[in-house]
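Coordinates as given in start.cif (mmCIF, C-alpha atoms (C1' of nucleotides)):
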data_run
loop_
_atom_site.label_atom_id
_atom_site.label_comp_id
_atom_site.auth_asym_id
_atom_site.auth_seq_id
_atom_site.Cartn_x
_atom_site.Cartn_y
_atom_site.Cartn_z
CA MET A 1 114.59 18.94 -115.19
CA ARG A 2 115.02 21.39 -112.38
CA TYR A 3 111.58 22.03 -110.93
CA LYS A 4 110.24 19.97 -108.11
CA ALA A 5 107.45 18.60 -110.28
CA GLY A 6 109.95 17.22 -112.77
CA LEU A 7 111.99 15.51 -110.10
CA GLU A 8 108.90 13.90 -108.62
CA THR A 9 107.79 12.68 -112.01
CA ARG A 10 111.24 11.30 -112.61
CA ASP A 11 111.12 9.36 -109.36
CA ARG A 12 107.66 8.07 -110.18
CA ILE A 13 108.82 6.87 -113.60
CA LEU A 14 111.85 5.10 -112.13
CA GLU A 15 109.72 3.43 -109.50
CA SER A 16 107.20 2.32 -112.13
CA THR A 17 110.01 1.04 -114.32
CA ARG A 18 111.26 -1.07 -111.46
CA THR A 19 107.89 -2.53 -110.53
CA GLN A 20 106.93 -3.12 -114.16
CA ILE A 21 110.10 -5.10 -114.70
CA ALA A 22 109.41 -7.13 -111.58
CA GLU A 23 105.83 -7.81 -112.63
CA LEU A 24 106.06 -8.19 -116.37
CA GLY A 25 109.70 -8.91 -117.08
CA LEU A 26 111.77 -6.93 -119.53
CA GLU A 27 109.77 -8.03 -122.56
CA GLY A 28 106.48 -7.02 -121.03
CA THR A 29 107.73 -3.63 -119.94
CA THR A 30 107.02 -1.00 -122.56
CA ILE A 31 106.94 2.75 -122.60
CA LYS A 32 103.18 2.44 -122.52
CA THR A 33 103.01 0.24 -119.42
CA ILE A 34 105.53 2.41 -117.61
CA CYS A 35 103.70 5.60 -118.49
CA ASP A 36 100.30 4.17 -117.58
CA ASP A 37 101.61 2.97 -114.26
CA ALA A 38 103.30 6.27 -113.48
CA GLY A 39 100.33 8.32 -114.65
CA VAL A 40 102.38 10.12 -117.23
CA LEU A 41 102.25 10.54 -120.98
CA PRO A 42 105.04 9.59 -123.38
CA GLY A 43 105.92 13.21 -123.96
CA SER A 44 106.75 13.66 -120.30
CA PHE A 45 108.74 10.47 -120.27
CA TYR A 46 110.90 11.69 -123.11
CA ASN A 47 111.24 15.06 -121.52
CA LEU A 48 113.01 13.38 -118.61
CA PHE A 49 114.77 10.42 -120.22
CA ASP A 50 116.53 10.10 -123.54
CA SER A 51 115.35 6.56 -124.13
CA LYS A 52 113.69 3.56 -122.63
CA GLU A 53 117.10 1.97 -122.26
CA GLN A 54 118.38 4.87 -120.20
CA ALA A 55 115.43 4.70 -117.82
CA ILE A 56 115.93 0.99 -117.29
CA LEU A 57 119.66 1.33 -116.71
CA THR A 58 119.01 4.06 -114.20
CA ALA A 59 116.34 2.05 -112.38
CA VAL A 60 118.65 -0.93 -112.07
CA ARG A 61 121.49 1.23 -110.87
CA VAL A 62 119.32 2.82 -108.21
CA ALA A 63 118.23 -0.60 -106.96
CA ILE A 64 121.81 -1.82 -106.75
CA ASP A 65 122.93 1.29 -104.92
CA ALA A 66 120.09 0.81 -102.46
CA VAL A 67 121.74 -2.31 -101.02
CA ASP A 68 125.26 -0.90 -101.02
CA PRO A 69 126.88 -1.63 -97.64
CA ASP A 70 129.19 1.36 -98.02
CA PRO A 71 127.39 3.96 -100.09
CA ASP A 72 130.00 6.61 -99.47
CA HIS A 73 132.84 4.37 -100.59
CA ALA A 74 134.71 5.04 -97.40
CA GLY A 75 136.42 1.68 -97.64
CA THR A 76 134.74 0.27 -94.56
CA ASP A 77 133.02 -2.71 -96.16
CA THR A 78 134.19 -6.25 -95.58
CA LEU A 79 134.10 -9.09 -98.07
CA ASP A 80 131.16 -10.53 -96.16
CA ASP A 81 129.31 -7.23 -96.41
CA LEU A 82 129.80 -7.12 -100.13
CA ILE A 83 128.74 -10.70 -100.65
CA ASN A 84 125.73 -10.33 -98.41
CA ALA A 85 124.67 -7.21 -100.25
CA TYR A 86 124.99 -9.12 -103.49
CA ILE A 87 122.88 -11.99 -102.17
CA ARG A 88 120.28 -9.61 -100.83
CA PHE A 89 119.95 -7.89 -104.15
CA VAL A 90 119.56 -11.18 -105.99
CA ASP A 91 117.08 -12.56 -103.47
CA GLU A 92 114.95 -9.49 -103.04
CA GLN A 93 115.11 -8.10 -106.55
CA GLY A 94 115.36 -11.27 -108.59
CA ASP A 95 113.88 -9.74 -111.69
CA LEU A 96 116.14 -6.73 -111.57
CA ALA A 97 119.09 -9.06 -111.15
CA ARG A 98 117.95 -10.87 -114.27
CA VAL A 99 117.75 -7.57 -116.13
CA TYR A 100 121.17 -6.58 -114.86
CA ILE A 101 122.61 -9.76 -116.33
CA ARG A 102 120.72 -9.27 -119.55
CA ILE A 103 122.01 -5.76 -119.91
CA ALA A 104 125.53 -6.97 -119.26
CA VAL A 105 125.24 -9.67 -121.89
CA ALA A 106 123.62 -7.42 -124.44
CA ALA A 107 126.22 -4.75 -123.76
CA GLY A 108 128.90 -6.77 -125.52
CA ARG A 109 127.11 -6.20 -128.79
CA SER A 110 125.90 -2.67 -128.31
CA SER A 111 127.30 0.84 -128.43
CA PRO A 112 130.80 1.43 -127.08
CA GLU A 113 129.22 3.85 -124.65
CA LEU A 114 127.00 1.26 -123.02
CA ARG A 115 129.73 -1.33 -123.08
CA GLY A 116 132.05 1.12 -121.38
CA ARG A 117 129.48 1.90 -118.75
CA VAL A 118 128.88 -1.75 -117.93
CA LEU A 119 132.58 -2.48 -117.93
CA ARG A 120 133.37 0.39 -115.59
CA HIS A 121 130.67 -0.74 -113.24
CA HIS A 122 132.10 -4.23 -113.22
CA GLU A 123 135.61 -2.96 -112.65
CA GLY A 124 134.47 -0.75 -109.79
CA ARG A 125 132.85 -3.72 -108.16
CA VAL A 126 135.92 -5.92 -108.61
CA LYS A 127 138.06 -3.21 -107.09
CA ARG A 128 135.90 -3.04 -103.99
CA PHE A 129 136.04 -6.80 -103.61
CA SER A 130 139.77 -6.74 -104.12
CA ASP A 131 140.28 -3.97 -101.58
CA ALA A 132 138.14 -5.75 -99.01
CA LEU A 133 139.99 -8.99 -99.61
CA LEU A 134 143.31 -7.23 -99.21
CA ARG A 135 142.20 -5.67 -95.96
CA GLU A 136 141.34 -9.15 -94.73
CA ARG A 137 144.37 -10.93 -96.12
CA PRO A 138 147.11 -8.32 -96.73
CA GLU A 139 149.74 -10.98 -97.34
CA LEU A 140 148.12 -11.97 -100.64
CA GLY A 141 149.47 -8.92 -102.44
CA GLN A 142 147.70 -6.69 -104.94
CA GLU A 143 147.90 -8.92 -107.96
CA GLU A 144 146.67 -12.08 -106.34
CA ALA A 145 143.86 -10.18 -104.64
CA ASP A 146 142.81 -8.65 -107.95
CA ASN A 147 142.82 -12.04 -109.58
CA ARG A 148 140.77 -13.64 -106.88
CA ALA A 149 138.33 -10.75 -106.77
CA GLU A 150 137.82 -10.95 -110.52
CA ALA A 151 137.19 -14.69 -110.34
CA LEU A 152 134.91 -14.28 -107.33
CA VAL A 153 132.74 -11.59 -108.89
CA SER A 154 132.46 -13.53 -112.14
CA ALA A 155 131.53 -16.68 -110.27
CA LEU A 156 128.91 -14.78 -108.27
CA ASN A 157 127.45 -13.52 -111.51
CA GLY A 158 127.33 -17.10 -112.75
CA VAL A 159 125.52 -18.19 -109.64
CA THR A 160 123.06 -15.34 -110.13
CA LEU A 161 122.62 -16.35 -113.72
CA HIS A 162 121.68 -19.82 -112.63
CA ARG A 163 119.39 -18.52 -109.97
CA THR A 164 117.41 -16.62 -112.62
CA ILE A 165 116.51 -19.98 -114.16
CA ASP A 166 116.15 -22.12 -111.08
CA THR A 167 114.54 -20.06 -108.37
CA ASP A 168 115.11 -22.83 -105.84
CA PHE A 169 118.83 -22.47 -106.28
CA ASP A 170 120.43 -21.44 -103.03
CA VAL A 171 122.52 -18.44 -103.96
CA GLY A 172 123.64 -17.81 -100.40
CA HIS A 173 124.98 -21.31 -99.99
CA PHE A 174 127.11 -21.22 -103.10
CA ALA A 175 128.14 -17.62 -102.58
CA HIS A 176 129.69 -18.55 -99.27
CA ILE A 177 131.42 -21.57 -100.72
CA LEU A 178 132.94 -19.21 -103.24
CA LYS A 179 133.93 -16.80 -100.50
CA ARG A 180 135.65 -19.54 -98.54
CA VAL A 181 137.57 -20.44 -101.65
CA ALA A 182 138.56 -16.86 -102.42
CA THR A 183 139.98 -16.30 -98.95
CA ALA A 184 141.69 -19.69 -98.69
CA MET B 185 110.13 -33.26 -143.17
CA ARG B 186 111.15 -36.56 -144.56
CA TYR B 187 112.39 -35.90 -148.10
CA LYS B 188 116.03 -35.20 -148.78
CA ALA B 189 115.27 -31.72 -150.04
CA GLY B 190 113.67 -30.81 -146.73
CA LEU B 191 116.59 -32.03 -144.68
CA GLU B 192 119.05 -30.08 -146.81
CA THR B 193 116.98 -26.95 -146.48
CA ARG B 194 116.83 -27.49 -142.75
CA ASP B 195 120.62 -27.72 -142.55
CA ARG B 196 121.02 -24.62 -144.67
CA ILE B 197 118.65 -22.68 -142.42
CA LEU B 198 120.47 -23.78 -139.27
CA GLU B 199 123.81 -22.84 -140.75
CA SER B 200 122.48 -19.44 -141.79
CA THR B 201 121.00 -18.93 -138.36
CA ARG B 202 124.38 -19.58 -136.81
CA THR B 203 126.31 -17.26 -139.11
CA GLN B 204 123.69 -14.53 -138.91
CA ILE B 205 123.91 -14.56 -135.13
CA ALA B 206 127.69 -14.37 -135.33
CA GLU B 207 127.58 -11.49 -137.81
CA LEU B 208 124.60 -9.48 -136.67
CA GLY B 209 123.97 -10.55 -133.11
CA LEU B 210 120.63 -11.75 -131.86
CA GLU B 211 118.89 -8.41 -132.39
CA GLY B 212 120.02 -8.15 -135.98
CA THR B 213 119.00 -11.67 -136.84
CA THR B 214 115.49 -11.77 -138.23
CA ILE B 215 113.48 -14.31 -140.17
CA LYS B 216 114.16 -12.17 -143.20
CA THR B 217 117.96 -12.14 -142.88
CA ILE B 218 118.03 -15.86 -142.18
CA CYS B 219 115.83 -16.66 -145.15
CA ASP B 220 117.73 -14.34 -147.48
CA ASP B 221 121.01 -15.90 -146.44
CA ALA B 222 119.71 -19.43 -146.81
CA GLY B 223 118.00 -18.69 -150.11
CA VAL B 224 114.63 -19.71 -148.77
CA LEU B 225 111.27 -18.04 -148.37
CA PRO B 226 109.41 -17.64 -145.08
CA GLY B 227 106.92 -20.31 -146.11
CA SER B 228 109.69 -22.86 -146.27
CA PHE B 229 111.13 -21.72 -143.00
CA TYR B 230 107.86 -22.25 -141.21
CA ASN B 231 107.36 -25.57 -142.89
CA LEU B 232 110.49 -26.80 -141.12
CA PHE B 233 110.51 -24.86 -137.85
CA ASP B 234 107.70 -23.88 -135.54
CA SER B 235 109.20 -20.55 -134.67
CA LYS B 236 112.25 -18.37 -134.86
CA GLU B 237 113.01 -19.27 -131.28
CA GLN B 238 113.06 -22.96 -132.05
CA ALA B 239 115.49 -22.50 -134.93
CA ILE B 240 117.84 -20.49 -132.75
CA LEU B 241 117.72 -22.96 -129.89
CA THR B 242 118.47 -25.77 -132.29
CA ALA B 243 121.35 -23.92 -133.91
CA VAL B 244 122.93 -23.22 -130.52
CA ARG B 245 122.48 -26.80 -129.44
CA VAL B 246 124.13 -28.10 -132.61
CA ALA B 247 127.11 -25.81 -132.06
CA ILE B 248 127.51 -26.94 -128.46
CA ASP B 249 127.30 -30.59 -129.42
CA ALA B 250 129.95 -30.00 -132.08
CA VAL B 251 132.62 -29.43 -129.40
CA ASP B 252 131.50 -32.27 -127.14
CA PRO B 253 134.55 -34.30 -126.06
CA ASP B 254 132.40 -37.39 -125.54
CA PRO B 255 129.48 -37.18 -127.95
CA ASP B 256 128.31 -40.71 -127.19
CA HIS B 257 128.23 -40.11 -123.44
CA ALA B 258 130.36 -43.14 -122.84
CA GLY B 259 131.72 -41.59 -119.67
CA THR B 260 135.25 -41.27 -120.99
CA ASP B 261 135.66 -37.53 -120.62
CA THR B 262 137.88 -36.01 -117.98
CA LEU B 263 137.27 -32.75 -116.16
CA ASP B 264 139.98 -31.19 -118.29
CA ASP B 265 138.25 -32.36 -121.45
CA LEU B 266 134.99 -30.81 -120.35
CA ILE B 267 136.57 -27.53 -119.35
CA ASN B 268 138.61 -27.33 -122.52
CA ALA B 269 135.53 -28.00 -124.63
CA TYR B 270 133.77 -25.24 -122.76
CA ILE B 271 136.64 -22.82 -123.36
CA ARG B 272 136.81 -23.76 -127.02
CA PHE B 273 133.14 -23.10 -127.49
CA VAL B 274 133.37 -19.71 -125.82
CA ASP B 275 136.51 -18.74 -127.72
CA GLU B 276 135.49 -19.93 -131.14
CA GLN B 277 131.77 -19.22 -131.01
CA GLY B 278 131.71 -16.14 -128.83
CA ASP B 279 128.48 -14.87 -130.23
CA LEU B 280 126.72 -18.17 -129.84
CA ALA B 281 127.96 -18.33 -126.27
CA ARG B 282 126.40 -14.93 -125.72
CA VAL B 283 123.13 -16.16 -127.17
CA TYR B 284 123.29 -19.26 -125.02
CA ILE B 285 123.56 -17.09 -121.93
CA ARG B 286 120.78 -14.83 -123.14
CA ILE B 287 118.51 -17.76 -123.72
CA ALA B 288 119.29 -19.10 -120.29
CA VAL B 289 118.52 -15.77 -118.65
CA ALA B 290 115.37 -15.19 -120.65
CA ALA B 291 114.25 -18.74 -119.93
CA GLY B 292 113.54 -17.87 -116.32
CA ARG B 293 110.67 -15.69 -117.46
CA SER B 294 109.35 -17.71 -120.36
CA SER B 295 107.26 -20.80 -120.92
CA PRO B 296 107.68 -23.73 -118.52
CA GLU B 297 108.64 -25.78 -121.54
CA LEU B 298 111.63 -23.64 -122.42
CA ARG B 299 112.62 -23.26 -118.82
CA GLY B 300 112.50 -27.03 -118.42
CA ARG B 301 114.60 -27.52 -121.50
CA VAL B 302 117.27 -25.12 -120.33
CA LEU B 303 117.24 -26.57 -116.84
CA ARG B 304 117.61 -30.13 -118.08
CA HIS B 305 120.50 -29.09 -120.25
CA HIS B 306 122.18 -27.45 -117.30
CA GLU B 307 121.59 -30.46 -115.08
CA GLY B 308 122.96 -32.82 -117.70
CA ARG B 309 126.07 -30.73 -117.91
CA VAL B 310 126.52 -30.59 -114.14
CA LYS B 311 126.13 -34.35 -113.98
CA ARG B 312 128.89 -34.88 -116.50
CA PHE B 313 131.18 -32.56 -114.57
CA SER B 314 130.29 -34.32 -111.35
CA ASP B 315 130.94 -37.76 -112.82
CA ALA B 316 134.26 -36.70 -114.25
CA LEU B 317 135.25 -35.14 -110.95
CA LEU B 318 134.28 -38.28 -109.07
CA ARG B 319 136.35 -40.41 -111.44
CA GLU B 320 139.31 -38.16 -110.69
CA ARG B 321 138.73 -37.84 -106.96
CA PRO B 322 136.54 -40.77 -105.83
CA GLU B 323 137.12 -40.03 -102.18
CA LEU B 324 135.03 -36.85 -102.40
CA GLY B 325 131.78 -38.72 -102.42
CA GLN B 326 128.68 -38.09 -104.52
CA GLU B 327 127.28 -35.15 -102.66
CA GLU B 328 130.45 -33.14 -102.42
CA ALA B 329 131.19 -33.83 -106.08
CA ASP B 330 127.71 -32.67 -107.09
CA ASN B 331 128.12 -29.53 -105.05
CA ARG B 332 131.48 -28.71 -106.52
CA ALA B 333 130.32 -29.47 -110.03
CA GLU B 334 127.34 -27.18 -109.64
CA ALA B 335 129.54 -24.39 -108.33
CA LEU B 336 132.11 -24.97 -111.05
CA VAL B 337 129.63 -24.90 -113.92
CA SER B 338 127.95 -21.79 -112.55
CA ALA B 339 131.29 -20.09 -112.12
CA LEU B 340 132.28 -21.01 -115.66
CA ASN B 341 129.05 -19.48 -116.90
CA GLY B 342 129.90 -16.36 -114.96
CA VAL B 343 133.31 -16.20 -116.56
CA THR B 344 131.68 -16.61 -119.96
CA LEU B 345 129.24 -13.89 -119.12
CA HIS B 346 132.08 -11.54 -118.39
CA ARG B 347 133.90 -12.57 -121.51
CA THR B 348 130.90 -11.53 -123.60
CA ILE B 349 131.45 -7.99 -122.36
CA ASP B 350 135.21 -7.85 -122.22
CA THR B 351 136.62 -9.78 -125.15
CA ASP B 352 140.13 -9.43 -123.79
CA PHE B 353 139.14 -11.41 -120.74
CA ASP B 354 141.16 -14.61 -120.55
CA VAL B 355 138.56 -17.30 -120.09
CA GLY B 356 141.12 -20.09 -120.16
CA HIS B 357 143.15 -18.57 -117.37
CA PHE B 358 140.23 -18.21 -115.00
CA ALA B 359 138.66 -21.50 -116.03
CA HIS B 360 141.76 -23.31 -114.92
CA ILE B 361 141.94 -21.41 -111.67
CA LEU B 362 138.39 -22.59 -111.05
CA LYS B 363 139.32 -26.13 -111.97
CA ARG B 364 142.22 -26.12 -109.53
CA VAL B 365 139.83 -24.95 -106.85
CA ALA B 366 137.20 -27.55 -107.66
CA THR B 367 139.66 -30.42 -107.43
CA ALA B 368 141.47 -29.12 -104.37
"C1'" DA C 369 103.71 40.89 -111.78
"C1'" DT C 370 106.87 39.44 -115.38
"C1'" DA C 371 109.37 36.73 -118.12
"C1'" DC C 372 111.60 32.79 -118.93
"C1'" DT C 373 111.93 27.84 -118.46
"C1'" DA C 374 110.41 23.46 -117.31
"C1'" DT C 375 106.79 20.46 -117.81
"C1'" DT C 376 102.82 18.23 -119.73
"C1'" DT C 377 99.63 17.13 -123.28
"C1'" DG C 378 98.10 13.58 -126.52
"C1'" DA C 379 97.49 12.50 -130.92
"C1'" DG C 380 100.30 10.79 -134.44
"C1'" DT C 381 104.09 8.42 -137.23
"C1'" DA C 382 107.16 5.53 -139.26
"C1'" DT C 383 108.93 1.25 -139.12
"C1'" DC C 384 109.54 -3.27 -138.15
"C1'" DT C 385 108.46 -8.14 -137.22
"C1'" DA C 386 107.08 -12.75 -136.75
"C1'" DC C 387 104.15 -15.40 -138.84
"C1'" DT C 388 100.04 -17.20 -142.20
"C1'" DC C 389 97.72 -19.03 -146.18
"C1'" DT C 390 96.64 -20.99 -150.55
"C1'" DA C 391 98.06 -22.68 -154.51
"C1'" DA C 392 101.57 -24.73 -157.22
"C1'" DT C 393 105.34 -27.91 -157.62
"C1'" DT C 394 108.35 -31.67 -156.48
"C1'" DT C 395 109.48 -36.02 -154.35
"C1'" DG C 396 109.77 -40.91 -154.03
"C1'" DA C 397 107.57 -45.39 -152.27
"C1'" DG C 398 105.02 -49.19 -154.07
"C1'" DC D 399 103.43 -44.71 -163.32
"C1'" DT D 400 100.67 -42.90 -159.72
"C1'" DC D 401 99.38 -40.38 -156.14
"C1'" DA D 402 99.61 -38.88 -151.47
"C1'" DA D 403 102.61 -36.33 -148.86
"C1'" DA D 404 106.32 -33.06 -148.50
"C1'" DT D 405 108.06 -28.91 -149.99
"C1'" DT D 406 108.18 -24.27 -151.91
"C1'" DA D 407 106.43 -19.91 -153.50
"C1'" DG D 408 105.56 -15.28 -152.18
"C1'" DA D 409 102.42 -11.89 -151.34
"C1'" DG D 410 100.03 -10.39 -147.41
"C1'" DT D 411 98.48 -9.37 -142.48
"C1'" DA D 412 97.96 -7.92 -138.05
"C1'" DG D 413 99.91 -5.88 -134.45
"C1'" DA D 414 103.20 -3.81 -131.75
"C1'" DT D 415 106.58 -0.25 -130.37
"C1'" DA D 416 109.78 3.44 -129.46
"C1'" DC D 417 109.72 7.88 -130.17
"C1'" DT D 418 108.22 12.94 -131.97
"C1'" DC D 419 106.25 17.51 -132.03
"C1'" DA D 420 103.89 21.84 -131.55
"C1'" DA D 421 101.06 23.86 -128.56
"C1'" DA D 422 99.23 24.64 -123.90
"C1'" DT D 423 100.21 25.04 -119.04
"C1'" DA D 424 102.51 25.49 -114.71
"C1'" DG D 425 106.50 26.81 -111.75
"C1'" DT D 426 109.83 30.03 -109.95
"C1'" DA D 427 113.47 33.55 -109.56
"C1'" DT D 428 113.63 38.39 -109.53
#
As structure tokens, how would this structure be written, given the file I've shared?
Amino acid sequence: MRYKAGLETRDRILESTRTQIAELGLEGTTIKTICDDAGVLPGSFYNLFDSKEQAILTAVRVAIDAVDPDPDHAGTDTLDDLINAYIRFVDEQGDLARVYIRIAVAAGRSSPELRGRVLRHHEGRVKRFSDALLRERPELGQEEADNRAEALVSALNGVTLHRTIDTDFDVGHFAHILKRVATA
Amino acid sequence: MRYKAGLETRDRILESTRTQIAELGLEGTTIKTICDDAGVLPGSFYNLFDSKEQAILTAVRVAIDAVDPDPDHAGTDTLDDLINAYIRFVDEQGDLARVYIRIAVAAGRSSPELRGRVLRHHEGRVKRFSDALLRERPELGQEEADNRAEALVSALNGVTLHRTIDTDFDVGHFAHILKRVATA
DNA sequence: ATACTATTTGAGTATCTACTCTAATTTGAG
DNA sequence: CTCAAATTAGAGTAGATACTCAAATAGTAT
């Protein structure tokens, strides 16, 4: 994958993967539907991705990065930024959020590699929450901030989990209750 | 299903379903492995259950009920009871907890019937948490108690979610932090 | 232009799975 | 004892899916 054509095809496949998941859910999304939608044949798909799983993981990652309030990790994001980005992702990309949770759950039972990947992603997120919290409330100290960040991120995931079942559930409302609690 | 033989077979299938999930995960659990383990043929399985899904849902439900601190719903359970039961379930039946979460997530995309079932179960749980909280802190009022219960249950699910990935994660520790917050 | 890679083609495969169906057998109420 | 209903047997089916492979084609650095 070095030629322009390959990169374009790759983008098209990722975009199709994302829309297929949104339209058909994870179950309904197959190599065939992705390839049809992207106007590509399976051979090309497997020239660019090792597996279906890899393509899906990548598509989800791209979508999450797209709402990142501080893409360069300069340390300029506030706790509100992070929470708002989280809410936006869940609201605007509900089906991808569902898939993200599913991947996370399934990861516990899968290859150490995937589990490691998911875990690192989670830890990175907790760290950013913790850093932002510490910037806001320096007197808490590292350990307490870490603890609260861990609890906050987990609770946000729980709220998201519930939102995937009950689409009327007001994620923003509860997210901000949780934020108030974390900074108390 | 009215004869003794049928009921015994049903129990054996549910028990096998539970152990197969614990040993092989949801992916690894097939009609074949369940039937082999239970010493039953597919014909018998489908005489007693409508589908694989139904058997799994039932097995999970049975396991959850088994740790219920107030099985008769007499309204005698405290918030601590409920939280401890939750922790026990997650600790002792980690793989079933994972499946419970998976079912909940998948439910958002499945039949209205399943979604309704999962939603009712969630609401019933929130109500019990809310009632227990109100017994402990009557001055909160119904609405505030409902709100806090909803947030608490969602947060607990989030903690469970994380625990399914990181088995070192101390569910009890964070559960009690959340409890302290909910009753504050 | 050449030569070397990257990309695409597209039919094909191997494997797995939930579930069905009919006939035979067993159960237990009256 | 009788007989309808429940249970079991167990081979079989239909359908889906992720992925492969060898050959043809297109892209690009020099």
Worksheet item: What's the 9 Å shell around segment 139-149 of chain A, counting only C-alpha atoms (C1' of nucleotides), without same-chain residues fewer than 6 positions away, as JSON, numbers by chain?
Response: {"A": [126, 127, 128, 129, 130, 131, 133, 182, 183], "B": [358]}
Residues of chain D within 10 Å of chain A, all atoms listed in the file counted, as a PDB file with C-alpha atoms (C1' of nucleotides), in the coordinates of the input:
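Saved to part13.pdb:
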ATOM      1  C1'  DT D 415     106.580  -0.250-130.370  1.00  0.00           C
ATOM      2  C1'  DA D 416     109.780   3.440-129.460  1.00  0.00           C
ATOM      3  C1'  DC D 417     109.720   7.880-130.170  1.00  0.00           C
ATOM      4  C1'  DT D 418     108.220  12.940-131.970  1.00  0.00           C
ATOM      5  C1'  DC D 419     106.250  17.510-132.030  1.00  0.00           C
ATOM      6  C1'  DA D 424     102.510  25.490-114.710  1.00  0.00           C
ATOM      7  C1'  DG D 425     106.500  26.810-111.750  1.00  0.00           C
ATOM      8  C1'  DT D 426     109.830  30.030-109.950  1.00  0.00           C
TER       9       DT D 426
END
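Environment of (120.6, -10.8, -131.7): residues at most 10 Å away, judged by all atoms listed in the file, are Ala106 and Arg109 of chain A; Gln204, Ile205, Ala206, Glu207, Leu208, Gly209, Leu210, Glu211, Gly212, Thr213, Thr214, Asp279, Leu280, Arg282, Val283 and Arg286 of chain B.
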Include C-alpha atoms and write out the residues we just selected as a short mmCIF file (atom, residue, chain, number, x, y, z; two decimals), in the frame of the given file.
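Below is the file that was written, out_38.cif:
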data_model
loop_
_atom_site.label_atom_id
_atom_site.label_comp_id
_atom_site.auth_asym_id
_atom_site.auth_seq_id
_atom_site.Cartn_x
_atom_site.Cartn_y
_atom_site.Cartn_z
CA ALA A 106 123.62 -7.42 -124.44
CA ARG A 109 127.11 -6.20 -128.79
CA GLN B 204 123.69 -14.53 -138.91
CA ILE B 205 123.91 -14.56 -135.13
CA ALA B 206 127.69 -14.37 -135.33
CA GLU B 207 127.58 -11.49 -137.81
CA LEU B 208 124.60 -9.48 -136.67
CA GLY B 209 123.97 -10.55 -133.11
CA LEU B 210 120.63 -11.75 -131.86
CA GLU B 211 118.89 -8.41 -132.39
CA GLY B 212 120.02 -8.15 -135.98
CA THR B 213 119.00 -11.67 -136.84
CA THR B 214 115.49 -11.77 -138.23
CA ASP B 279 128.48 -14.87 -130.23
CA LEU B 280 126.72 -18.17 -129.84
CA ARG B 282 126.40 -14.93 -125.72
CA VAL B 283 123.13 -16.16 -127.17
CA ARG B 286 120.78 -14.83 -123.14
#
On this structure, the PyMOL selection byres ((chain A) within 6 of (chain B)) would catch which residues? List them as a CSV table (one decimal) with C-alpha atoms, in the frame of the given file, sorted by chain and number.
chain,number,residue,atom,x,y,z
A,108,GLY,CA,128.9,-6.8,-125.5
A,154,SER,CA,132.5,-13.5,-112.1
A,155,ALA,CA,131.5,-16.7,-110.3
A,157,ASN,CA,127.4,-13.5,-111.5
A,158,GLY,CA,127.3,-17.1,-112.8
A,159,VAL,CA,125.5,-18.2,-109.6
A,164,THR,CA,117.4,-16.6,-112.6
A,165,ILE,CA,116.5,-20.0,-114.2
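When the PyMOL selection byres ((chain C) within 7 of (chain A)) is evaluated against the file, it yields DA374, DT375 and DT376 of chain C.
Shortest separation to DC387 of chain C among B:Asp261, B:Phe233, B:Asp354, B:Val274 occurs at residue B:Phe233, atoms counted being all atoms listed in the file.
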What gap, in Å, lies between atom CA of Ile267 of chain B and atom CA of Leu241 of chain B?
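One can read the atom CA of Ile267 of chain B to atom CA of Leu241 of chain B distance as 22.1 Å.
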Atom CA of Val171 of chain A to atom CA of Ile87 of chain A measures 6.7 Å
| task | Would you mind telling me which residue in D:DA422, D:DA407, D:DA414, D:DT400 lies nearest to DA391 of chain C when using only C-alpha atoms (C1' of nucleotides)? | result |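 Among the listed residues, D:DA407 lies closest to DA391 of chain C.
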Just give me the gap between atom CA of His176 of chain A and atom CA of Leu82 of chain A in Å, one decimal is fine.
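Between atom CA of His176 of chain A and atom CA of Leu82 of chain A the gap works out to 11.5 Å.
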Given the file shown, enumerate the residues that the PyMOL selection byres ((chain D and resi 410) around 10) captures and present them as a short mmCIF file (atom, residue, chain, number, x, y, z; two decimals) with C-alpha atoms (C1' of nucleotides), in the frame of the given file.
data_model
loop_
_atom_site.label_atom_id
_atom_site.label_comp_id
_atom_site.auth_asym_id
_atom_site.auth_seq_id
_atom_site.Cartn_x
_atom_site.Cartn_y
_atom_site.Cartn_z
"C1'" DT C 388 100.04 -17.20 -142.20
"C1'" DC C 389 97.72 -19.03 -146.18
"C1'" DG D 408 105.56 -15.28 -152.18
"C1'" DA D 409 102.42 -11.89 -151.34
"C1'" DT D 411 98.48 -9.37 -142.48
"C1'" DA D 412 97.96 -7.92 -138.05
#
For segment 147-151 of chain A, where the input has fewer atoms than it should, I would like N, CA and C atoms rebuilt and written as a CSV table (one decimal), in the coordinates of the input.
chain,number,residue,atom,x,y,z
A,147,ASN,N,143.2,-10.8,-108.9
A,147,ASN,CA,142.8,-12.0,-109.6
A,147,ASN,C,141.7,-12.8,-108.9
A,148,ARG,N,141.8,-12.9,-107.6
A,148,ARG,CA,140.8,-13.6,-106.9
A,148,ARG,C,139.5,-12.9,-106.9
A,149,ALA,N,139.5,-11.6,-106.8
A,149,ALA,CA,138.3,-10.8,-106.8
A,149,ALA,C,137.6,-10.9,-108.1
A,150,GLU,N,138.4,-10.8,-109.2
A,150,GLU,CA,137.8,-11.0,-110.5
A,150,GLU,C,137.1,-12.3,-110.7
A,151,ALA,N,137.8,-13.4,-110.2
A,151,ALA,CA,137.2,-14.7,-110.3
A,151,ALA,C,135.9,-14.8,-109.5
